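**Student:** Sharing a structure with you now.
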Amino acid sequence: MRAPMAGKIRLLRKPKPATDPVDGFCAWLESSFVFPAGPRRGEPVTLLPFQRAFVRDVLARDGADPLYRMALFSTPRKNGKSFVLACLLLGFMLEDSPIAIPCCKVGLAAPTSRHAMFIFTSAMDLLISVGREGEARIVTHPQPGSLRIGRAVCDVYSGSKLSGHGASLNVAIVDELGLLPDRNAGLLDNFMDALAIENGRLLATGTRGASRLFNELLDEPPRGVVAHCYGLERDQDPGDPAVWAKCNPGMGAIKSQRFMRDAWDKAKASGATREFLAWNLNARLTPARELLIPYDQLTAAYDPEVKPVEGERCWVGLDLGGSAAQSAAVIAYESGVVRLLAAFPDQPIDLAERGRRDGCGDLYLRGLRDGDLILTSGSVTDIPEFLAELVKRVGPHEVVSVSSDRYRSSELWTALRRAGLSWKTRFRGSGPRDGNADILATRKLFLAGSLKLQRSQLLEGALAESDVKVATTGAAQLDKASRMSRIDLAQALVLACSALLEAREAVAPTYSVEVI
């Protein structure tokens, strides 16, 4: 807890009553508090337009009910998310506030109790800055603790999937929802149930992170949910200052452009661009994860006009799927041209439903539109149909080998025989020997600029959902980033790339002839 600020506190005169609840709340903030830190330290608290827009939806009413039962606020770090929540928390709890809730009961949760204390600390800093800290009391026992102001109370919850069960709340707050593990997603359901009796509302903030639930709500908010999200799109340049300003609505007033420039230069120099994208541009990824191929290396390989050389050989990587997973194939030609194909069965659910189930929105529909994805008949991918389409994609080129998971060897042999294909098979494991070699081969080809392909949103989605796990021995292994991730195209890619590189680096045999 910080000590009161030295010097005079400059507050405006008492505001006139406002008919608009947002104007009234903002006027109350401006007349009651000053910024406790930052470039505007000591100045009356005023909210920026993007913060006011969020507050407006939080306070919006539909008669006696909240217009939005859940309000989501996602920005990069240091854009005032927790500060806005602290302002709203004080607004609900302090009796002199125009939005005060009598005997207000608030539940506050975050991935850890330390994260939850950020909002507590911000609220206390606001009170301390104007000498009102005596109105609040922080209770630390029992853990994690609570904040009490008059008859209002805000309890901190642990962030586990059982948190909030049996509670009755006017307001529920979840900070850093993007960092909440998917296994604890039951927390939101518990908090929503806790709002029933008091007809309350839930507020959630955070960077996107890898939380499937949070990203689904941000991308496709259902009825009764409003989402304010500022972040990087996949096709945007992370080094462009205009993109920084678009992703950081608090640029200038809260976060300086010079800071962003320094952070970007440092990230490029140290190879830590994932951390920059996640925290400073609110990209949908987890910094702790290791990508198979960085996005900039992938986009550098894009060529909309690329075609294989007539008559050149090729190598195929194949991943056979079942009813839930894709069947995927990647064709790597001798010149470095890459083509791909994926397939889903057309039953029992359509592509739109598959996208919702897998947490990737309309990605599969876009893949179908782009021609990278086909539908086969039945409830399991029809392999003969898939192979027939694959043969068309290969074209008049010799297939040197088809690489696949060794655990699907009998299935592949049967499918090739039924299709009348005499392709040479090459079976690989996914463990620390074959898996590591395949990953290194793929990275080597992309890093050297040896591969060219037309843009595939389907492949981008597969790579974004892939996670390279590195063992203590240094061996790498390709894995899913989450339980519902679909990385079949990424697996097919590493199989095709490793076969291509193996052929390129093969040492030609030499013979010596002795004439007697």
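FYI, nothing fancy with the structure tokens labels: chains A, B, ... in order, residues from 1 per chain, ligands from 1 as they appear.
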Apply DSSP to the structure's backbone, then extract all residues of segment 353-502 of chain A labelled strand (DSSP E) and return them as a list of chain:residue names.

**Tutor:**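 Taking segment 353-502 of chain A and keeping strand (DSSP E) gives A:Leu373, A:Ile374, A:Leu375, A:Thr376, A:Val399, A:Val400, A:Ser401, A:Val402, A:Ser403, A:Ser404, A:Asp405, A:Thr425, A:Arg426, A:Phe427, A:Arg428, A:Ser466, A:Asp467, A:Val468, A:Lys469, A:Val470, A:Ala476, A:Gln477, A:Leu478, A:Asp479, A:Lys480.
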
**Student:** Include C-alpha atoms and write out the residues we just selected as a short mmCIF file (atom, residue, chain, number, x, y, z; two decimals), in the first residue's frame.

**Tutor:**
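Wrote selection.cif, looks like this:
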data_model
loop_
_atom_site.label_atom_id
_atom_site.label_comp_id
_atom_site.auth_asym_id
_atom_site.auth_seq_id
_atom_site.Cartn_x
_atom_site.Cartn_y
_atom_site.Cartn_z
CA LEU A 373 -10.27 -28.25 -47.77
CA ILE A 374 -12.67 -30.80 -49.23
CA LEU A 375 -15.59 -32.75 -47.79
CA THR A 376 -15.85 -36.52 -48.21
CA VAL A 399 5.89 -39.24 -56.04
CA VAL A 400 9.19 -40.39 -54.54
CA SER A 401 7.64 -41.37 -51.21
CA VAL A 402 4.66 -40.82 -48.95
CA SER A 403 5.51 -40.27 -45.27
CA SER A 404 3.07 -41.10 -42.50
CA ASP A 405 2.83 -41.97 -38.83
CA THR A 425 6.01 -45.59 -48.00
CA ARG A 426 8.14 -43.91 -45.35
CA PHE A 427 6.99 -44.26 -41.75
CA ARG A 428 8.04 -41.90 -38.99
CA SER A 466 0.73 -26.28 -32.72
CA ASP A 467 3.09 -26.37 -29.77
CA VAL A 468 6.67 -27.56 -29.93
CA LYS A 469 7.53 -29.21 -26.64
CA VAL A 470 11.23 -29.37 -25.83
CA ALA A 476 11.61 -31.27 -29.82
CA GLN A 477 8.21 -32.85 -30.33
CA LEU A 478 5.13 -31.49 -32.10
CA ASP A 479 2.00 -31.38 -29.95
CA LYS A 480 -1.41 -29.72 -29.72
#

**Student:** What's around Asp319 of chain A at 10 Å? Count only C-alpha atoms, leave out sequence neighbours fewer than 6 positions away in its own chain, and write the answer as a list in words.

**Tutor:**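 Result of the neighbour search: Ala325, Gln326, Ser327, Ala328, Ala329, Val330, Ala342, Ser403, Ser404, Asp405, Arg408, Leu412, Ile487, Asp488, Leu489, Ala490, Gln491, Ala492, Leu493 and Leu495 of chain A.
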
**Student:** What does the file look like for those residues with N, CA and C atoms, as a PDB file, in the first residue's frame?

**Tutor:**
ATOM      1  N   ALA A 325     -10.809 -35.613 -36.338  1.00  0.00           N
ATOM      2  CA  ALA A 325      -9.618 -34.968 -36.871  1.00  0.00           C
ATOM      3  C   ALA A 325      -9.682 -34.874 -38.387  1.00  0.00           C
ATOM      4  N   GLN A 326      -8.897 -33.950 -38.933  1.00  0.00           N
ATOM      5  CA  GLN A 326      -8.768 -33.838 -40.375  1.00  0.00           C
ATOM      6  C   GLN A 326      -7.924 -34.996 -40.905  1.00  0.00           C
ATOM      7  N   SER A 327      -8.101 -35.280 -42.186  1.00  0.00           N
ATOM      8  CA  SER A 327      -7.080 -35.977 -42.953  1.00  0.00           C
ATOM      9  C   SER A 327      -6.347 -34.890 -43.710  1.00  0.00           C
ATOM     10  N   ALA A 328      -5.037 -34.923 -43.701  1.00  0.00           N
ATOM     11  CA  ALA A 328      -4.265 -33.822 -44.281  1.00  0.00           C
ATOM     12  C   ALA A 328      -3.083 -34.364 -45.058  1.00  0.00           C
ATOM     13  N   ALA A 329      -2.738 -33.677 -46.128  1.00  0.00           N
ATOM     14  CA  ALA A 329      -1.580 -34.040 -46.945  1.00  0.00           C
ATOM     15  C   ALA A 329      -0.860 -32.779 -47.380  1.00  0.00           C
ATOM     16  N   VAL A 330       0.460 -32.847 -47.412  1.00  0.00           N
ATOM     17  CA  VAL A 330       1.290 -31.753 -47.914  1.00  0.00           C
ATOM     18  C   VAL A 330       2.219 -32.322 -48.975  1.00  0.00           C
ATOM     19  N   ALA A 342      -6.609 -30.792 -47.250  1.00  0.00           N
ATOM     20  CA  ALA A 342      -7.186 -31.316 -46.013  1.00  0.00           C
ATOM     21  C   ALA A 342      -8.615 -31.755 -46.295  1.00  0.00           C
ATOM     22  N   SER A 403       5.118 -40.108 -46.676  1.00  0.00           N
ATOM     23  CA  SER A 403       5.515 -40.271 -45.274  1.00  0.00           C
ATOM     24  C   SER A 403       4.283 -40.198 -44.388  1.00  0.00           C
ATOM     25  N   SER A 404       4.221 -41.061 -43.389  1.00  0.00           N
ATOM     26  CA  SER A 404       3.071 -41.097 -42.499  1.00  0.00           C
ATOM     27  C   SER A 404       3.506 -41.598 -41.136  1.00  0.00           C
ATOM     28  N   ASP A 405       2.597 -41.471 -40.181  1.00  0.00           N
ATOM     29  CA  ASP A 405       2.832 -41.972 -38.831  1.00  0.00           C
ATOM     30  C   ASP A 405       2.920 -43.495 -38.877  1.00  0.00           C
ATOM     31  N   ARG A 408      -0.012 -45.822 -38.136  1.00  0.00           N
ATOM     32  CA  ARG A 408      -1.116 -45.960 -39.102  1.00  0.00           C
ATOM     33  C   ARG A 408      -0.643 -46.698 -40.352  1.00  0.00           C
ATOM     34  N   LEU A 412      -2.566 -47.168 -44.039  1.00  0.00           N
ATOM     35  CA  LEU A 412      -2.057 -46.507 -45.238  1.00  0.00           C
ATOM     36  C   LEU A 412      -1.809 -47.520 -46.350  1.00  0.00           C
ATOM     37  N   ILE A 487      -4.082 -29.939 -35.634  1.00  0.00           N
ATOM     38  CA  ILE A 487      -2.752 -29.653 -36.151  1.00  0.00           C
ATOM     39  C   ILE A 487      -2.354 -30.645 -37.241  1.00  0.00           C
ATOM     40  N   ASP A 488      -3.334 -31.297 -37.865  1.00  0.00           N
ATOM     41  CA  ASP A 488      -3.040 -32.344 -38.842  1.00  0.00           C
ATOM     42  C   ASP A 488      -2.215 -31.823 -40.018  1.00  0.00           C
ATOM     43  N   LEU A 489      -2.524 -30.613 -40.503  1.00  0.00           N
ATOM     44  CA  LEU A 489      -1.746 -30.045 -41.600  1.00  0.00           C
ATOM     45  C   LEU A 489      -0.308 -29.765 -41.180  1.00  0.00           C
ATOM     46  N   ALA A 490      -0.115 -29.320 -39.948  1.00  0.00           N
ATOM     47  CA  ALA A 490       1.234 -29.082 -39.457  1.00  0.00           C
ATOM     48  C   ALA A 490       2.025 -30.394 -39.380  1.00  0.00           C
ATOM     49  N   GLN A 491       1.374 -31.469 -38.948  1.00  0.00           N
ATOM     50  CA  GLN A 491       2.040 -32.765 -38.891  1.00  0.00           C
ATOM     51  C   GLN A 491       2.396 -33.257 -40.285  1.00  0.00           C
ATOM     52  N   ALA A 492       1.486 -33.070 -41.240  1.00  0.00           N
ATOM     53  CA  ALA A 492       1.786 -33.461 -42.613  1.00  0.00           C
ATOM     54  C   ALA A 492       2.923 -32.619 -43.195  1.00  0.00           C
ATOM     55  N   LEU A 493       2.967 -31.350 -42.810  1.00  0.00           N
ATOM     56  CA  LEU A 493       4.017 -30.459 -43.302  1.00  0.00           C
ATOM     57  C   LEU A 493       5.400 -30.922 -42.872  1.00  0.00           C
ATOM     58  N   LEU A 495       6.356 -33.878 -42.047  1.00  0.00           N
ATOM     59  CA  LEU A 495       6.684 -35.155 -42.704  1.00  0.00           C
ATOM     60  C   LEU A 495       7.176 -34.918 -44.126  1.00  0.00           C
TER      61      LEU A 495
END

**Student:** For a quick check of understanding, using only C-alpha atoms, which of A:Lys105, A:Ser168, A:Leu213, A:His397 has the smallest distance to Leu188 of chain A?

**Tutor:**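 Nearest candidate to Leu188 of chain A out of A:Lys105, A:Ser168, A:Leu213, A:His397: A:Leu213.
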
**Student:** Find the residue from A:Leu47, A:Ile99, A:Ala441, A:Ser512 that sits nearest to Leu292 of chain A; use only C-alpha atoms when measuring.

**Tutor:** A:Ala441

**Student:** Can you tell me which residues surround Gly178 of chain A at a distance of at most 7 Å, considering only C-alpha atoms, apart from same-chain residues fewer than 2 positions away, and format the answer as a PyMOL selection string?

**Tutor:** chain A and resi 176+180+206-211+214

**Student:** Would you write out those residues with N, CA and C atoms, as a short mmCIF file (atom, residue, chain, number, x, y, z; two decimals), in the first residue's frame?

**Tutor:**
data_model
loop_
_atom_site.label_atom_id
_atom_site.label_comp_id
_atom_site.auth_asym_id
_atom_site.auth_seq_id
_atom_site.Cartn_x
_atom_site.Cartn_y
_atom_site.Cartn_z
N GLU A 176 -7.77 -10.83 -15.97
CA GLU A 176 -6.87 -11.71 -16.73
C GLU A 176 -7.52 -13.04 -17.06
N LEU A 180 -6.59 -17.66 -17.63
CA LEU A 180 -7.23 -18.68 -16.82
C LEU A 180 -7.20 -20.01 -17.57
N GLY A 206 -8.62 -8.78 -19.69
CA GLY A 206 -7.39 -9.55 -19.85
C GLY A 206 -6.88 -9.48 -21.28
N THR A 207 -5.63 -9.89 -21.46
CA THR A 207 -5.12 -10.12 -22.80
C THR A 207 -5.72 -11.42 -23.31
N ARG A 208 -5.69 -11.61 -24.62
CA ARG A 208 -6.33 -12.79 -25.22
C ARG A 208 -5.77 -14.10 -24.66
N GLY A 209 -4.44 -14.20 -24.59
CA GLY A 209 -3.84 -15.44 -24.11
C GLY A 209 -4.24 -16.62 -24.98
N ALA A 210 -4.23 -17.81 -24.40
CA ALA A 210 -4.60 -19.03 -25.12
C ALA A 210 -5.90 -19.61 -24.60
N SER A 211 -6.63 -18.87 -23.75
CA SER A 211 -7.88 -19.38 -23.21
C SER A 211 -8.90 -19.55 -24.32
N PHE A 214 -12.28 -17.61 -23.40
CA PHE A 214 -12.21 -16.16 -23.53
C PHE A 214 -12.19 -15.75 -24.99
#

**Student:** Write out as JSON, numbers by chain the set of residues from segment 87-224 of chain A that DSSP, computed on the backbone, places in helix (DSSP H, G or I).

**Tutor:** {"A": [87, 88, 89, 90, 91, 92, 93, 113, 114, 115, 116, 117, 118, 119, 120, 121, 122, 123, 124, 125, 126, 127, 128, 129, 133, 134, 135, 177, 178, 179, 182, 183, 184, 186, 187, 188, 189, 190, 191, 192, 193, 194, 212, 213, 214, 215, 216, 217, 218, 219]}

**Student:** Just write the chosen residues, C-alpha atoms, as a PDB file, in the first residue's frame.

**Tutor:**
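The resulting file, part19.pdb, is shown below:
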ATOM      1  CA  CYS A  87     -12.857   2.782 -10.812  1.00  0.00           C
ATOM      2  CA  LEU A  88     -16.027   0.742 -11.353  1.00  0.00           C
ATOM      3  CA  LEU A  89     -15.379  -1.216  -8.153  1.00  0.00           C
ATOM      4  CA  LEU A  90     -15.195   2.002  -6.127  1.00  0.00           C
ATOM      5  CA  GLY A  91     -18.219   3.344  -7.991  1.00  0.00           C
ATOM      6  CA  PHE A  92     -20.295   0.333  -6.956  1.00  0.00           C
ATOM      7  CA  MET A  93     -19.031   0.312  -3.342  1.00  0.00           C
ATOM      8  CA  SER A 113      -4.680 -14.478  -5.874  1.00  0.00           C
ATOM      9  CA  ARG A 114      -1.675 -12.282  -6.751  1.00  0.00           C
ATOM     10  CA  HIS A 115      -3.376 -11.282 -10.022  1.00  0.00           C
ATOM     11  CA  ALA A 116      -6.594 -10.535  -8.131  1.00  0.00           C
ATOM     12  CA  MET A 117      -4.777  -8.131  -5.820  1.00  0.00           C
ATOM     13  CA  PHE A 118      -3.890  -5.860  -8.770  1.00  0.00           C
ATOM     14  CA  ILE A 119      -7.412  -4.399  -8.800  1.00  0.00           C
ATOM     15  CA  PHE A 120      -7.443  -4.131  -4.987  1.00  0.00           C
ATOM     16  CA  THR A 121      -4.144  -2.268  -5.102  1.00  0.00           C
ATOM     17  CA  SER A 122      -5.356   0.057  -7.856  1.00  0.00           C
ATOM     18  CA  ALA A 123      -8.549   0.846  -5.929  1.00  0.00           C
ATOM     19  CA  MET A 124      -6.611   1.528  -2.721  1.00  0.00           C
ATOM     20  CA  ASP A 125      -4.154   3.767  -4.612  1.00  0.00           C
ATOM     21  CA  LEU A 126      -7.081   5.876  -5.795  1.00  0.00           C
ATOM     22  CA  LEU A 127      -8.385   6.215  -2.229  1.00  0.00           C
ATOM     23  CA  ILE A 128      -4.929   6.992  -0.826  1.00  0.00           C
ATOM     24  CA  SER A 129      -4.318   9.648  -3.495  1.00  0.00           C
ATOM     25  CA  GLU A 133      -7.990   5.317   2.621  1.00  0.00           C
ATOM     26  CA  GLY A 134      -9.623   5.368   6.044  1.00  0.00           C
ATOM     27  CA  GLU A 135     -12.963   4.484   4.433  1.00  0.00           C
ATOM     28  CA  LEU A 177      -9.451 -14.189 -17.989  1.00  0.00           C
ATOM     29  CA  GLY A 178      -7.198 -14.956 -20.974  1.00  0.00           C
ATOM     30  CA  LEU A 179      -4.658 -16.523 -18.607  1.00  0.00           C
ATOM     31  CA  ASP A 182      -9.442 -23.966 -19.659  1.00  0.00           C
ATOM     32  CA  ARG A 183      -9.814 -26.580 -16.932  1.00  0.00           C
ATOM     33  CA  ASN A 184     -11.008 -23.791 -14.604  1.00  0.00           C
ATOM     34  CA  GLY A 186     -16.326 -23.554 -14.590  1.00  0.00           C
ATOM     35  CA  LEU A 187     -15.527 -20.395 -12.630  1.00  0.00           C
ATOM     36  CA  LEU A 188     -17.530 -18.313 -15.116  1.00  0.00           C
ATOM     37  CA  ASP A 189     -20.563 -20.576 -14.776  1.00  0.00           C
ATOM     38  CA  ASN A 190     -20.377 -20.338 -10.978  1.00  0.00           C
ATOM     39  CA  PHE A 191     -20.127 -16.550 -11.100  1.00  0.00           C
ATOM     40  CA  MET A 192     -23.031 -16.290 -13.538  1.00  0.00           C
ATOM     41  CA  ASP A 193     -25.169 -18.428 -11.215  1.00  0.00           C
ATOM     42  CA  ALA A 194     -24.127 -16.230  -8.293  1.00  0.00           C
ATOM     43  CA  ARG A 212     -10.297 -21.042 -25.584  1.00  0.00           C
ATOM     44  CA  LEU A 213     -13.317 -19.812 -23.643  1.00  0.00           C
ATOM     45  CA  PHE A 214     -12.213 -16.162 -23.527  1.00  0.00           C
ATOM     46  CA  ASN A 215     -11.301 -16.104 -27.221  1.00  0.00           C
ATOM     47  CA  GLU A 216     -14.594 -17.699 -28.230  1.00  0.00           C
ATOM     48  CA  LEU A 217     -16.503 -15.048 -26.260  1.00  0.00           C
ATOM     49  CA  LEU A 218     -14.413 -12.253 -27.796  1.00  0.00           C
ATOM     50  CA  ASP A 219     -14.720 -13.541 -31.372  1.00  0.00           C
TER      51      ASP A 219
END

**Student:** What's the 9 Å shell around Glu95 of chain A, counting only C-alpha atoms, without same-chain residues fewer than 4 positions away, as a PDB file with N, CA and C atoms, in the first residue's frame?

**Tutor:**
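Writing the result to part-v2.pdb gives the following:
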ATOM      1  N   GLY A  91     -16.921   2.766  -7.666  1.00  0.00           N
ATOM      2  CA  GLY A  91     -18.219   3.344  -7.991  1.00  0.00           C
ATOM      3  C   GLY A  91     -19.370   2.516  -7.441  1.00  0.00           C
ATOM      4  N   ILE A  99     -23.452   5.566  -9.091  1.00  0.00           N
ATOM      5  CA  ILE A  99     -23.808   4.202  -9.502  1.00  0.00           C
ATOM      6  C   ILE A  99     -23.694   3.226  -8.324  1.00  0.00           C
ATOM      7  N   ALA A 100     -23.668   3.765  -7.099  1.00  0.00           N
ATOM      8  CA  ALA A 100     -23.496   2.918  -5.912  1.00  0.00           C
ATOM      9  C   ALA A 100     -24.632   1.911  -5.795  1.00  0.00           C
ATOM     10  N   ILE A 101     -24.280   0.702  -5.365  1.00  0.00           N
ATOM     11  CA  ILE A 101     -25.253  -0.360  -5.112  1.00  0.00           C
ATOM     12  C   ILE A 101     -25.331  -0.549  -3.598  1.00  0.00           C
ATOM     13  N   PRO A 102     -26.478  -0.329  -2.979  1.00  0.00           N
ATOM     14  CA  PRO A 102     -26.575  -0.474  -1.521  1.00  0.00           C
ATOM     15  C   PRO A 102     -26.156  -1.883  -1.069  1.00  0.00           C
ATOM     16  N   ILE A 149     -15.840  -1.575   2.363  1.00  0.00           N
ATOM     17  CA  ILE A 149     -16.076  -0.128   2.398  1.00  0.00           C
ATOM     18  C   ILE A 149     -17.493   0.076   2.888  1.00  0.00           C
ATOM     19  N   GLY A 150     -17.627   0.549   4.138  1.00  0.00           N
ATOM     20  CA  GLY A 150     -18.954   0.685   4.726  1.00  0.00           C
ATOM     21  C   GLY A 150     -19.638  -0.676   4.793  1.00  0.00           C
ATOM     22  N   ALA A 152     -20.482  -2.322   2.074  1.00  0.00           N
ATOM     23  CA  ALA A 152     -20.157  -3.033   0.831  1.00  0.00           C
ATOM     24  C   ALA A 152     -18.924  -3.902   1.042  1.00  0.00           C
TER      25      ALA A 152
END
